[in-house]
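Colleague: Take this structure first; my questions come after.
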Amino acid sequence: MNSEPQFRENVFLGDLNSLGIAARARYFVSVTSVEALQQALDWASARAVEPLILGGGSNLVFAGDFPGLVIRMAISRRCWERIDGDEATLVLGAGENWHDSVLYAASAGYRGIENLALIPGTVGAAPVQNIGAYGTELRDTLVDVSALDRHNGHEITLTNSLCHFSYRDSVFKHEPGRYVITTVRLRLSRSRPFSLDYRDLAEYFEGQDVHDLTPLDVARGVMSVRRRKLPDPAQLPNAGSFFKNPVVPLETWRTLQKSYPDIAGYPGDDNAKVAAAWLIDQCGWKGYRNGKVGVHNRQALVLVNHSNGSGQDVLALADRIRNDVQARFGIALEMEPGVVGG
Ligand code: EPU
């Protein structure tokens with residue numbers, strides 16, 4: 001396989017980030033193998049420029065042009081390993097499209113990731129924020145990831161527990177820039193029960209016999225629910241949830257509930273996740289538009305780029321929202337996408 005990387009200069013990134021921000025990369029390269037990735041990283045260090053690993057560009061905000069080398073991950077691979085009774089391991093290259101991979105697994109009759117249908121982005125980006133939706137997280141099926149460790153240049157394997165997954169979080173966020181994920185392995189099953197308790201999904205499948213459902217049916221249900229509420233980045237550029245759902249102690253949750261009986265959230269045993277969308281909605285932001293950027297009119301957690309908004313426009317709006325939520329509820333919202341460039 002010829003994977004000699006082709007380096008380019010002054011490359012437009014507007015169609016490589018789902019917020020559609022018209023930033024440029026000083027240097028750009030697309031890599032289709034681990035060897036090419038290593039060469040690209042060497043190229044960047046020889047020129048003392050910062051590398052940026054780019055997957056689907058669906059969870060970042062370009063605050064301006066990127067002054068270093070953007071390395072687009074295009075390592076493609078899809079195969080089954082260790083097929084054993086009802087279970088099998090799906091091996092995916094980091095550059096594979098996540099949603100296509102979900103449909104690939106579901107079409108083969110394997111369960112475990114069907115609730116994560118239609119999440120934009122690539123396979124390699126999925127473990128970074130431990131993608132999750134409708135009661136399922138990536139960590140529920142992930143066996144391990146292969147990654148290039150930039151501390152020593154070796155390709156290593158990080159098992160699920162070494163990834164230190166939690167809600168929208170992992171070791172890859174705690175040690176940014178250290179690991180470049182190249183392969184993800186998932187353990188899927190033909191017989192594990194579906195997870196259909198999340199309200200929107202339960203409503204969608206109400207009255208249907210769960211035993212008749214295939215993983216592809218569930219993936220299609222998830223797609224339908226998502227399409228009703230979340231904007232398609234191809235039609236209306238966005239980066240999905242712009243803030244994490246804040247986690248508060250149960251005591252705080254109960255106090256909030258007294259003041260706001262209809263507050264939305266997910267109380268657990270020790271703490272509660274407050275629905276950030278509800279907090280933002282209460283502050284009157286849903287459907288807001290300031291010309292270029294705004295807040296989606298069906299899900300207040302999603303900031304959208306209506307018309308040539310810059311990263312600075314998006315970040316300024318995010319700041320105003322965060323200040324309002326802080327002032328009204330005393331809760332600090334944390335941004336979900338990373339900020340690069342500028
Ligand atoms: N709500 C509002 N106003 C809104 C939207 C929602 O008040 O504009 C309230 C409703 O009461 C609703 C509750 O908030 O019941 C929760 O809303 P939703 O079910 O849409 O879920 P979410 O907590 O806002 C999270 C994820 C989504 C994921 C859904 C479904 C985070 C930050 N977001 O949203 O993830 O699709 O659950 O599991 O955890 C993403 O990460 O990009 C993403 C879309």
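Note on naming: chains are A, B, ... as they come in the structure tokens, residues start from 1 per chain, ligands start from 1 in the order shown.
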How would you write, as an mmCIF file with N, CA, C and O atoms, in the first residue's frame, the set of residues no farther than 6 Å from ligand 1 when counting only C-alpha atoms and all ligand atoms?
Modeller:
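Output file pocket.cif is given in full below:
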data_model
loop_
_atom_site.group_PDB
_atom_site.id
_atom_site.type_symbol
_atom_site.label_atom_id
_atom_site.label_comp_id
_atom_site.auth_asym_id
_atom_site.auth_seq_id
_atom_site.Cartn_x
_atom_site.Cartn_y
_atom_site.Cartn_z
ATOM 1 N N ALA A 133 -25.159 7.980 24.136
ATOM 2 C CA ALA A 133 -26.514 8.447 23.836
ATOM 3 C C ALA A 133 -27.510 7.354 24.204
ATOM 4 O O ALA A 133 -27.198 6.162 24.103
ATOM 5 N N TYR A 134 -28.685 7.777 24.651
ATOM 6 C CA TYR A 134 -29.821 6.873 24.909
ATOM 7 C C TYR A 134 -29.414 5.686 25.803
ATOM 8 O O TYR A 134 -29.709 4.527 25.514
ATOM 9 N N GLY A 240 -22.942 19.236 17.834
ATOM 10 C CA GLY A 240 -23.684 18.415 18.805
ATOM 11 C C GLY A 240 -23.840 19.176 20.112
ATOM 12 O O GLY A 240 -23.836 20.423 20.128
ATOM 13 N N SER A 241 -23.953 18.441 21.207
ATOM 14 C CA SER A 241 -24.078 19.100 22.516
ATOM 15 C C SER A 241 -22.876 20.016 22.726
ATOM 16 O O SER A 241 -21.737 19.556 22.670
ATOM 17 N N PHE A 243 -22.347 21.767 25.556
ATOM 18 C CA PHE A 243 -21.950 21.704 26.961
ATOM 19 C C PHE A 243 -22.225 20.297 27.485
ATOM 20 O O PHE A 243 -23.133 19.613 26.997
ATOM 21 N N LYS A 244 -21.446 19.907 28.508
ATOM 22 C CA LYS A 244 -21.739 18.635 29.190
ATOM 23 C C LYS A 244 -22.910 18.870 30.126
ATOM 24 O O LYS A 244 -23.120 19.999 30.582
ATOM 25 N N ASN A 245 -23.613 17.809 30.445
ATOM 26 C CA ASN A 245 -24.615 17.917 31.495
ATOM 27 C C ASN A 245 -23.866 18.008 32.827
ATOM 28 O O ASN A 245 -23.120 17.081 33.176
ATOM 29 N N ALA A 264 -35.146 19.083 34.683
ATOM 30 C CA ALA A 264 -34.849 17.805 34.022
ATOM 31 C C ALA A 264 -33.428 17.374 34.357
ATOM 32 O O ALA A 264 -32.518 18.197 34.429
ATOM 33 N N ALA A 275 -29.860 18.310 33.293
ATOM 34 C CA ALA A 275 -29.921 18.487 31.836
ATOM 35 C C ALA A 275 -29.535 19.934 31.510
ATOM 36 O O ALA A 275 -30.299 20.868 31.788
ATOM 37 N N ALA A 277 -29.488 21.305 28.781
ATOM 38 C CA ALA A 277 -30.457 21.854 27.823
ATOM 39 C C ALA A 277 -31.593 22.549 28.564
ATOM 40 O O ALA A 277 -32.056 23.621 28.155
ATOM 41 N N TRP A 278 -32.021 21.952 29.665
ATOM 42 C CA TRP A 278 -33.120 22.532 30.443
ATOM 43 C C TRP A 278 -32.685 23.867 31.052
ATOM 44 O O TRP A 278 -33.413 24.863 30.994
ATOM 45 N N ASP A 281 -32.449 26.437 28.313
ATOM 46 C CA ASP A 281 -33.811 26.723 27.866
ATOM 47 C C ASP A 281 -34.510 27.684 28.839
ATOM 48 O O ASP A 281 -35.146 28.673 28.437
ATOM 49 N N ARG A 298 -34.819 23.304 18.633
ATOM 50 C CA ARG A 298 -35.439 22.113 19.218
ATOM 51 C C ARG A 298 -34.579 21.479 20.309
ATOM 52 O O ARG A 298 -35.017 20.544 20.977
ATOM 53 N N GLN A 299 -33.331 21.932 20.457
ATOM 54 C CA GLN A 299 -32.467 21.385 21.505
ATOM 55 C C GLN A 299 -31.504 22.494 21.913
ATOM 56 O O GLN A 299 -30.573 22.847 21.184
ATOM 57 N N ALA A 300 -31.746 23.048 23.117
ATOM 58 C CA ALA A 300 -31.014 24.236 23.562
ATOM 59 C C ALA A 300 -29.532 23.978 23.825
ATOM 60 O O ALA A 300 -28.760 24.907 24.036
#
Colleague: Give me the residues within 12 Å of A:Gly265 as an MDAnalysis selection string, counting only C-alpha atoms and dropping any in the same chain fewer than 5 places off.
Modeller: chainID A and resid 199 245:248 250 253:254 256:257 260 271:279
Colleague: Considering only C-alpha atoms, can you say which of A:Asp169, A:Asp100, A:Asp140, A:Glu334 comes closest to A:Gly112?
Modeller: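 Checking each candidate against A:Gly112, we get A:Asp140 as the closest.
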Colleague: Do you know which residues are at most 7 Å from stretch 64-81 of chain A counting only C-alpha atoms, after dropping those on the same chain fewer than 3 positions away, and could you put them as an MDAnalysis selection string?
Modeller: chainID A and resid 23:33 44 49:55 88:96 311 341:342
Colleague: Keeping only N, CA and C atoms, write those residues as a tab-separated table (two decimals), in the first residue's frame.
Modeller:
chain	number	residue	atom	x	y	z
A	23	ALA	N	-11.82	28.22	8.91
A	23	ALA	CA	-10.42	28.38	9.31
A	23	ALA	C	-9.51	27.72	8.27
A	24	ARG	N	-8.21	28.03	8.36
A	24	ARG	CA	-7.22	27.40	7.47
A	24	ARG	C	-6.12	26.75	8.29
A	25	ALA	N	-5.52	25.74	7.70
A	25	ALA	CA	-4.36	25.10	8.33
A	25	ALA	C	-3.11	25.58	7.61
A	26	ARG	N	-2.09	25.93	8.39
A	26	ARG	CA	-0.83	26.33	7.73
A	26	ARG	C	-0.29	25.15	6.92
A	27	TYR	N	-0.31	23.96	7.53
A	27	TYR	CA	0.08	22.73	6.81
A	27	TYR	C	-1.01	21.69	7.04
A	28	PHE	N	-1.13	20.77	6.09
A	28	PHE	CA	-2.18	19.76	6.18
A	28	PHE	C	-1.70	18.46	5.53
A	29	VAL	N	-2.05	17.35	6.15
A	29	VAL	CA	-1.74	16.05	5.55
A	29	VAL	C	-2.82	15.05	5.96
A	30	SER	N	-3.12	14.14	5.06
A	30	SER	CA	-4.08	13.09	5.38
A	30	SER	C	-3.29	11.78	5.48
A	31	VAL	N	-3.50	11.00	6.54
A	31	VAL	CA	-2.72	9.77	6.71
A	31	VAL	C	-3.61	8.54	6.69
A	32	THR	N	-3.14	7.51	5.97
A	32	THR	CA	-3.96	6.29	5.83
A	32	THR	C	-3.30	5.08	6.50
A	33	SER	N	-2.19	5.28	7.20
A	33	SER	CA	-1.54	4.16	7.89
A	33	SER	C	-0.79	4.68	9.11
A	44	ALA	N	6.34	17.24	11.56
A	44	ALA	CA	5.95	18.39	12.40
A	44	ALA	C	7.05	18.72	13.40
A	49	VAL	N	6.59	22.60	14.46
A	49	VAL	CA	5.21	23.08	14.41
A	49	VAL	C	4.32	22.10	15.15
A	50	GLU	N	3.25	22.64	15.71
A	50	GLU	CA	2.36	21.82	16.51
A	50	GLU	C	1.47	20.96	15.60
A	51	PRO	N	1.34	19.66	15.91
A	51	PRO	CA	0.40	18.85	15.13
A	51	PRO	C	-1.00	18.89	15.75
A	52	LEU	N	-2.00	18.79	14.91
A	52	LEU	CA	-3.38	18.65	15.41
A	52	LEU	C	-3.98	17.44	14.72
A	53	ILE	N	-4.41	16.47	15.52
A	53	ILE	CA	-5.04	15.27	14.95
A	53	ILE	C	-6.51	15.58	14.71
A	54	LEU	N	-6.94	15.41	13.47
A	54	LEU	CA	-8.32	15.73	13.10
A	54	LEU	C	-9.05	14.46	12.69
A	55	GLY	N	-10.18	14.19	13.36
A	55	GLY	CA	-11.03	13.07	12.94
A	55	GLY	C	-12.11	13.64	12.04
A	88	ALA	N	-18.55	-11.47	19.11
A	88	ALA	CA	-17.48	-11.24	18.15
A	88	ALA	C	-16.84	-9.89	18.43
A	89	THR	N	-15.58	-9.76	18.04
A	89	THR	CA	-14.88	-8.49	18.23
A	89	THR	C	-14.80	-7.77	16.89
A	90	LEU	N	-15.28	-6.55	16.87
A	90	LEU	CA	-15.22	-5.73	15.66
A	90	LEU	C	-14.00	-4.81	15.76
A	91	VAL	N	-13.13	-4.91	14.76
A	91	VAL	CA	-11.90	-4.11	14.74
A	91	VAL	C	-12.09	-2.99	13.73
A	92	LEU	N	-11.90	-1.75	14.19
A	92	LEU	CA	-12.17	-0.59	13.33
A	92	LEU	C	-10.96	0.35	13.29
A	93	GLY	N	-10.58	0.77	12.09
A	93	GLY	CA	-9.53	1.77	11.93
A	93	GLY	C	-10.04	3.13	12.38
A	94	ALA	N	-9.12	3.97	12.89
A	94	ALA	CA	-9.51	5.26	13.47
A	94	ALA	C	-10.20	6.18	12.47
A	95	GLY	N	-9.91	6.01	11.18
A	95	GLY	CA	-10.47	6.92	10.19
A	95	GLY	C	-11.85	6.52	9.69
A	96	GLU	N	-12.35	5.36	10.14
A	96	GLU	CA	-13.69	4.94	9.70
A	96	GLU	C	-14.75	5.90	10.24
A	311	GLY	N	-15.34	31.09	14.73
A	311	GLY	CA	-15.20	30.41	16.01
A	311	GLY	C	-15.39	31.40	17.15
A	341	GLY	N	-6.63	26.46	17.52
A	341	GLY	CA	-6.28	27.54	16.58
A	341	GLY	C	-6.46	28.91	17.20
A	342	GLY	N	-6.17	29.91	16.43
A	342	GLY	CA	-6.37	31.30	16.88
A	342	GLY	C	-5.28	31.77	17.80
Colleague: Just asking: which residues within stretch 149-327 of chain A are strand (DSSP E or B) according to DSSP, as a ChimeraX atom specification?
Modeller: /A:149,154-159,166,169,179-189,238-241,243,247-249,265-267,271-274,289,293-295,302-305
Colleague: If you keep N, CA and C atoms, can you produce a file of those selected residues as a short mmCIF file (atom, residue, chain, number, x, y, z; two decimals), in the first residue's frame?
Modeller:
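Output file out.cif follows:
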data_model
loop_
_atom_site.label_atom_id
_atom_site.label_comp_id
_atom_site.auth_asym_id
_atom_site.auth_seq_id
_atom_site.Cartn_x
_atom_site.Cartn_y
_atom_site.Cartn_z
N ASP A 149 1.88 6.22 21.13
CA ASP A 149 2.21 7.00 22.32
C ASP A 149 3.31 7.99 21.93
N HIS A 154 6.02 4.58 20.43
CA HIS A 154 5.60 3.18 20.30
C HIS A 154 4.10 3.06 20.09
N GLU A 155 3.70 2.01 19.36
CA GLU A 155 2.27 1.73 19.26
C GLU A 155 1.91 0.83 20.44
N ILE A 156 0.95 1.25 21.22
CA ILE A 156 0.61 0.52 22.45
C ILE A 156 -0.88 0.15 22.43
N THR A 157 -1.23 -0.74 23.36
CA THR A 157 -2.64 -1.09 23.51
C THR A 157 -3.11 -0.62 24.87
N LEU A 158 -4.20 0.11 24.89
CA LEU A 158 -4.79 0.55 26.16
C LEU A 158 -6.09 -0.21 26.36
N THR A 159 -6.14 -1.02 27.41
CA THR A 159 -7.38 -1.76 27.68
C THR A 159 -8.45 -0.78 28.16
N SER A 166 -15.19 7.91 31.85
CA SER A 166 -16.36 8.31 32.64
C SER A 166 -17.23 9.15 31.71
N ASP A 169 -15.69 11.55 29.10
CA ASP A 169 -14.32 11.78 29.57
C ASP A 169 -13.48 10.51 29.46
N TYR A 179 -1.64 10.53 23.18
CA TYR A 179 -1.98 9.32 22.41
C TYR A 179 -2.69 9.69 21.11
N VAL A 180 -2.31 9.00 20.04
CA VAL A 180 -3.08 9.13 18.80
C VAL A 180 -3.71 7.77 18.54
N ILE A 181 -5.02 7.71 18.65
CA ILE A 181 -5.73 6.43 18.51
C ILE A 181 -5.71 5.98 17.06
N THR A 182 -5.33 4.73 16.84
CA THR A 182 -5.24 4.21 15.46
C THR A 182 -6.27 3.11 15.19
N THR A 183 -6.63 2.34 16.22
CA THR A 183 -7.58 1.23 16.05
C THR A 183 -8.44 1.11 17.31
N VAL A 184 -9.71 0.75 17.12
CA VAL A 184 -10.61 0.53 18.26
C VAL A 184 -11.19 -0.88 18.12
N ARG A 185 -11.23 -1.63 19.23
CA ARG A 185 -11.84 -2.97 19.22
C ARG A 185 -13.06 -2.99 20.12
N LEU A 186 -14.16 -3.51 19.58
CA LEU A 186 -15.42 -3.55 20.34
C LEU A 186 -15.90 -4.98 20.45
N ARG A 187 -16.39 -5.37 21.63
CA ARG A 187 -16.95 -6.71 21.82
C ARG A 187 -18.47 -6.61 21.69
N LEU A 188 -19.00 -7.23 20.66
CA LEU A 188 -20.43 -7.14 20.39
C LEU A 188 -21.07 -8.52 20.52
N SER A 189 -22.37 -8.53 20.60
CA SER A 189 -23.05 -9.81 20.84
C SER A 189 -24.34 -9.88 20.03
N ASN A 238 -23.14 22.39 13.15
CA ASN A 238 -23.16 22.39 14.62
C ASN A 238 -22.17 21.33 15.12
N ALA A 239 -21.91 21.36 16.42
CA ALA A 239 -20.96 20.40 17.01
C ALA A 239 -21.66 19.53 18.04
N GLY A 240 -22.94 19.24 17.83
CA GLY A 240 -23.68 18.41 18.80
C GLY A 240 -23.84 19.18 20.11
N SER A 241 -23.95 18.44 21.21
CA SER A 241 -24.08 19.10 22.52
C SER A 241 -22.88 20.02 22.73
N PHE A 243 -22.35 21.77 25.56
CA PHE A 243 -21.95 21.70 26.96
C PHE A 243 -22.23 20.30 27.48
N VAL A 247 -22.61 17.68 36.53
CA VAL A 247 -22.85 16.68 37.59
C VAL A 247 -22.81 17.42 38.93
N VAL A 248 -23.88 17.28 39.71
CA VAL A 248 -23.96 17.98 41.01
C VAL A 248 -24.23 16.95 42.11
N PRO A 249 -23.86 17.28 43.37
CA PRO A 249 -24.19 16.36 44.47
C PRO A 249 -25.71 16.21 44.59
N GLY A 265 -33.28 16.08 34.57
CA GLY A 265 -31.94 15.56 34.87
C GLY A 265 -31.99 14.08 35.12
N TYR A 266 -30.83 13.56 35.52
CA TYR A 266 -30.69 12.13 35.68
C TYR A 266 -30.05 11.85 37.05
N PRO A 267 -30.88 11.77 38.13
CA PRO A 267 -30.29 11.50 39.44
C PRO A 267 -29.77 10.06 39.54
N ASN A 271 -24.82 11.21 42.90
CA ASN A 271 -24.94 12.57 42.37
C ASN A 271 -25.98 12.58 41.27
N ALA A 272 -26.14 13.74 40.67
CA ALA A 272 -27.15 13.85 39.61
C ALA A 272 -26.57 14.64 38.45
N LYS A 273 -26.94 14.22 37.24
CA LYS A 273 -26.60 15.00 36.06
C LYS A 273 -27.80 15.90 35.79
N VAL A 274 -27.57 17.20 35.74
CA VAL A 274 -28.66 18.13 35.42
C VAL A 274 -28.67 18.28 33.90
N ARG A 289 -31.03 33.74 17.83
CA ARG A 289 -30.14 33.88 16.68
C ARG A 289 -29.62 35.30 16.61
N VAL A 293 -24.73 33.23 14.26
CA VAL A 293 -24.77 31.99 15.06
C VAL A 293 -25.99 32.01 15.97
N GLY A 294 -26.30 30.87 16.55
CA GLY A 294 -27.48 30.83 17.42
C GLY A 294 -27.58 29.54 18.19
N VAL A 295 -28.76 29.34 18.79
CA VAL A 295 -29.06 28.15 19.59
C VAL A 295 -30.19 27.41 18.86
N VAL A 302 -27.50 22.70 21.71
CA VAL A 302 -26.76 22.68 20.45
C VAL A 302 -26.63 24.10 19.89
N LEU A 303 -25.40 24.58 19.78
CA LEU A 303 -25.16 25.88 19.14
C LEU A 303 -25.00 25.64 17.64
N VAL A 304 -25.54 26.55 16.85
CA VAL A 304 -25.52 26.34 15.40
C VAL A 304 -24.89 27.53 14.69
N ASN A 305 -24.31 27.25 13.54
CA ASN A 305 -23.68 28.29 12.72
C ASN A 305 -24.61 28.54 11.53
#
Colleague: Give me the residues within 9 Å of A:Arg178 as a list in words, counting only C-alpha atoms and dropping any in the same chain fewer than 3 places off.
Modeller: Leu148, Asp149, Arg150, His151, Phe172 and Glu175 of chain A
Colleague: Could you tell me how far atom CA of A:Arg320 sits from atom CA of A:Glu336, in Å to one decimal place?
Modeller: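 One can read the atom CA of A:Glu336 to atom CA of A:Arg320 distance as 15.9 Å.
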Colleague: Which is closer to A:Gly121 than all the others in A:Gln312, A:Thr252, A:Asn59, A:Gln208, using only C-alpha atoms?
Modeller: A:Asn59
Colleague: Under the rule that only C-alpha atoms are counted, which of A:Ser18, A:Asn130, A:Gln6, A:Ser101 is the nearest residue to A:Arg168?
Modeller: A:Asn130
Colleague: Find the distance between atom CA of A:Ser107 and atom CA of A:Ala219 and write it in Å to one decimal.
Modeller: 9.6 Å
Colleague: May I have all residues of stretch 47-296 of chain A that DSSP, computed from the backbone, assigns to alpha helix (DSSP H), given as number ranges by chain?
Modeller: A: 98-107, 171-174, 199-205, 215-229, 250-259, 276-282
Colleague: Put those residues in a file: C-alpha atoms, as a PDB file, in the first residue's frame.
Modeller:
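Generated output (selection.pdb):
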ATOM      1  CA  TRP A  98     -18.594   6.102  13.269  1.00  0.00           C
ATOM      2  CA  HIS A  99     -22.197   5.961  12.058  1.00  0.00           C
ATOM      3  CA  ASP A 100     -21.305   3.726   9.078  1.00  0.00           C
ATOM      4  CA  SER A 101     -19.582   1.389  11.542  1.00  0.00           C
ATOM      5  CA  VAL A 102     -22.726   1.239  13.700  1.00  0.00           C
ATOM      6  CA  LEU A 103     -24.811   0.274  10.666  1.00  0.00           C
ATOM      7  CA  TYR A 104     -22.173  -2.263   9.608  1.00  0.00           C
ATOM      8  CA  ALA A 105     -22.319  -4.008  13.004  1.00  0.00           C
ATOM      9  CA  ALA A 106     -26.112  -3.776  13.273  1.00  0.00           C
ATOM     10  CA  SER A 107     -26.610  -5.123   9.736  1.00  0.00           C
ATOM     11  CA  VAL A 171      -7.469   9.468  29.651  1.00  0.00           C
ATOM     12  CA  PHE A 172      -7.246  10.942  26.147  1.00  0.00           C
ATOM     13  CA  LYS A 173      -8.719  14.196  27.471  1.00  0.00           C
ATOM     14  CA  HIS A 174      -6.564  14.140  30.603  1.00  0.00           C
ATOM     15  CA  ARG A 199     -37.608   8.077  27.458  1.00  0.00           C
ATOM     16  CA  ASP A 200     -37.491   9.130  23.793  1.00  0.00           C
ATOM     17  CA  LEU A 201     -36.552   5.623  22.707  1.00  0.00           C
ATOM     18  CA  ALA A 202     -39.093   3.917  24.967  1.00  0.00           C
ATOM     19  CA  GLU A 203     -41.789   6.145  23.437  1.00  0.00           C
ATOM     20  CA  TYR A 204     -40.643   5.316  19.912  1.00  0.00           C
ATOM     21  CA  PHE A 205     -40.853   1.558  20.465  1.00  0.00           C
ATOM     22  CA  PRO A 215     -30.209  -4.208  16.046  1.00  0.00           C
ATOM     23  CA  LEU A 216     -30.854  -2.464  12.745  1.00  0.00           C
ATOM     24  CA  ASP A 217     -34.453  -1.685  13.839  1.00  0.00           C
ATOM     25  CA  VAL A 218     -33.099  -0.128  17.037  1.00  0.00           C
ATOM     26  CA  ALA A 219     -30.470   1.870  15.106  1.00  0.00           C
ATOM     27  CA  ARG A 220     -33.243   3.145  12.806  1.00  0.00           C
ATOM     28  CA  GLY A 221     -35.352   4.128  15.829  1.00  0.00           C
ATOM     29  CA  VAL A 222     -32.421   6.057  17.286  1.00  0.00           C
ATOM     30  CA  MET A 223     -31.869   7.771  13.922  1.00  0.00           C
ATOM     31  CA  SER A 224     -35.486   8.821  13.789  1.00  0.00           C
ATOM     32  CA  VAL A 225     -35.450  10.182  17.360  1.00  0.00           C
ATOM     33  CA  ARG A 226     -32.208  12.072  16.730  1.00  0.00           C
ATOM     34  CA  ARG A 227     -33.458  13.548  13.449  1.00  0.00           C
ATOM     35  CA  ARG A 228     -36.525  14.915  15.205  1.00  0.00           C
ATOM     36  CA  LYS A 229     -34.458  16.829  17.780  1.00  0.00           C
ATOM     37  CA  LEU A 250     -27.589  14.796  45.215  1.00  0.00           C
ATOM     38  CA  GLU A 251     -28.160  17.430  47.886  1.00  0.00           C
ATOM     39  CA  THR A 252     -27.821  20.225  45.305  1.00  0.00           C
ATOM     40  CA  TRP A 253     -30.173  18.331  42.988  1.00  0.00           C
ATOM     41  CA  ARG A 254     -32.809  18.063  45.724  1.00  0.00           C
ATOM     42  CA  THR A 255     -32.498  21.778  46.538  1.00  0.00           C
ATOM     43  CA  LEU A 256     -32.876  22.646  42.850  1.00  0.00           C
ATOM     44  CA  GLN A 257     -35.907  20.364  42.619  1.00  0.00           C
ATOM     45  CA  LYS A 258     -37.573  22.249  45.468  1.00  0.00           C
ATOM     46  CA  SER A 259     -37.171  25.567  43.644  1.00  0.00           C
ATOM     47  CA  ALA A 276     -27.871  21.452  30.601  1.00  0.00           C
ATOM     48  CA  ALA A 277     -30.457  21.854  27.823  1.00  0.00           C
ATOM     49  CA  TRP A 278     -33.120  22.532  30.443  1.00  0.00           C
ATOM     50  CA  LEU A 279     -30.958  25.127  32.248  1.00  0.00           C
ATOM     51  CA  ILE A 280     -30.194  26.933  28.969  1.00  0.00           C
ATOM     52  CA  ASP A 281     -33.811  26.723  27.866  1.00  0.00           C
ATOM     53  CA  GLN A 282     -34.982  28.257  31.172  1.00  0.00           C
TER      54      GLN A 282
END
Colleague: For A:Gly56, find every residue with an atom within 7 Å (counting only C-alpha atoms), except residues of its own chain fewer than 5 positions away, and show them as a short mmCIF file (atom, residue, chain, number, x, y, z; two decimals) with C-alpha atoms, in the first residue's frame.
Modeller:
data_model
loop_
_atom_site.label_atom_id
_atom_site.label_comp_id
_atom_site.auth_asym_id
_atom_site.auth_seq_id
_atom_site.Cartn_x
_atom_site.Cartn_y
_atom_site.Cartn_z
CA LEU A 16 -13.62 19.46 7.61
CA ASN A 17 -15.32 20.73 10.78
CA GLY A 121 -17.39 11.84 13.66
CA THR A 122 -14.82 9.12 13.24
#
Colleague: Considering only C-alpha atoms, return as a PDB file with C-alpha atoms, in the first residue's frame whatever protein or nucleic-acid residues lie within 6 Å of A:Leu60, sequence-local ones (same chain, fewer than 5 positions apart) excluded.
Modeller:
ATOM      1  CA  PRO A 337     -15.926  20.537  22.169  1.00  0.00           C
ATOM      2  CA  GLY A 338     -12.237  21.395  22.261  1.00  0.00           C
ATOM      3  CA  VAL A 339     -11.013  24.820  21.131  1.00  0.00           C
TER       4      VAL A 339
END
Colleague: Please list as a ChimeraX atom specification every residue within 7 Å of A:Val340, counting only C-alpha atoms and excluding residues in the same chain fewer than 5 positions away.
Modeller: /A:61-63
Colleague: In Å to one decimal, how far is atom CA of A:Tyr167 from atom CA of A:Gly109?
Modeller: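 So the two atoms, atom CA of A:Gly109 and atom CA of A:Tyr167, lie 27.4 Å apart.
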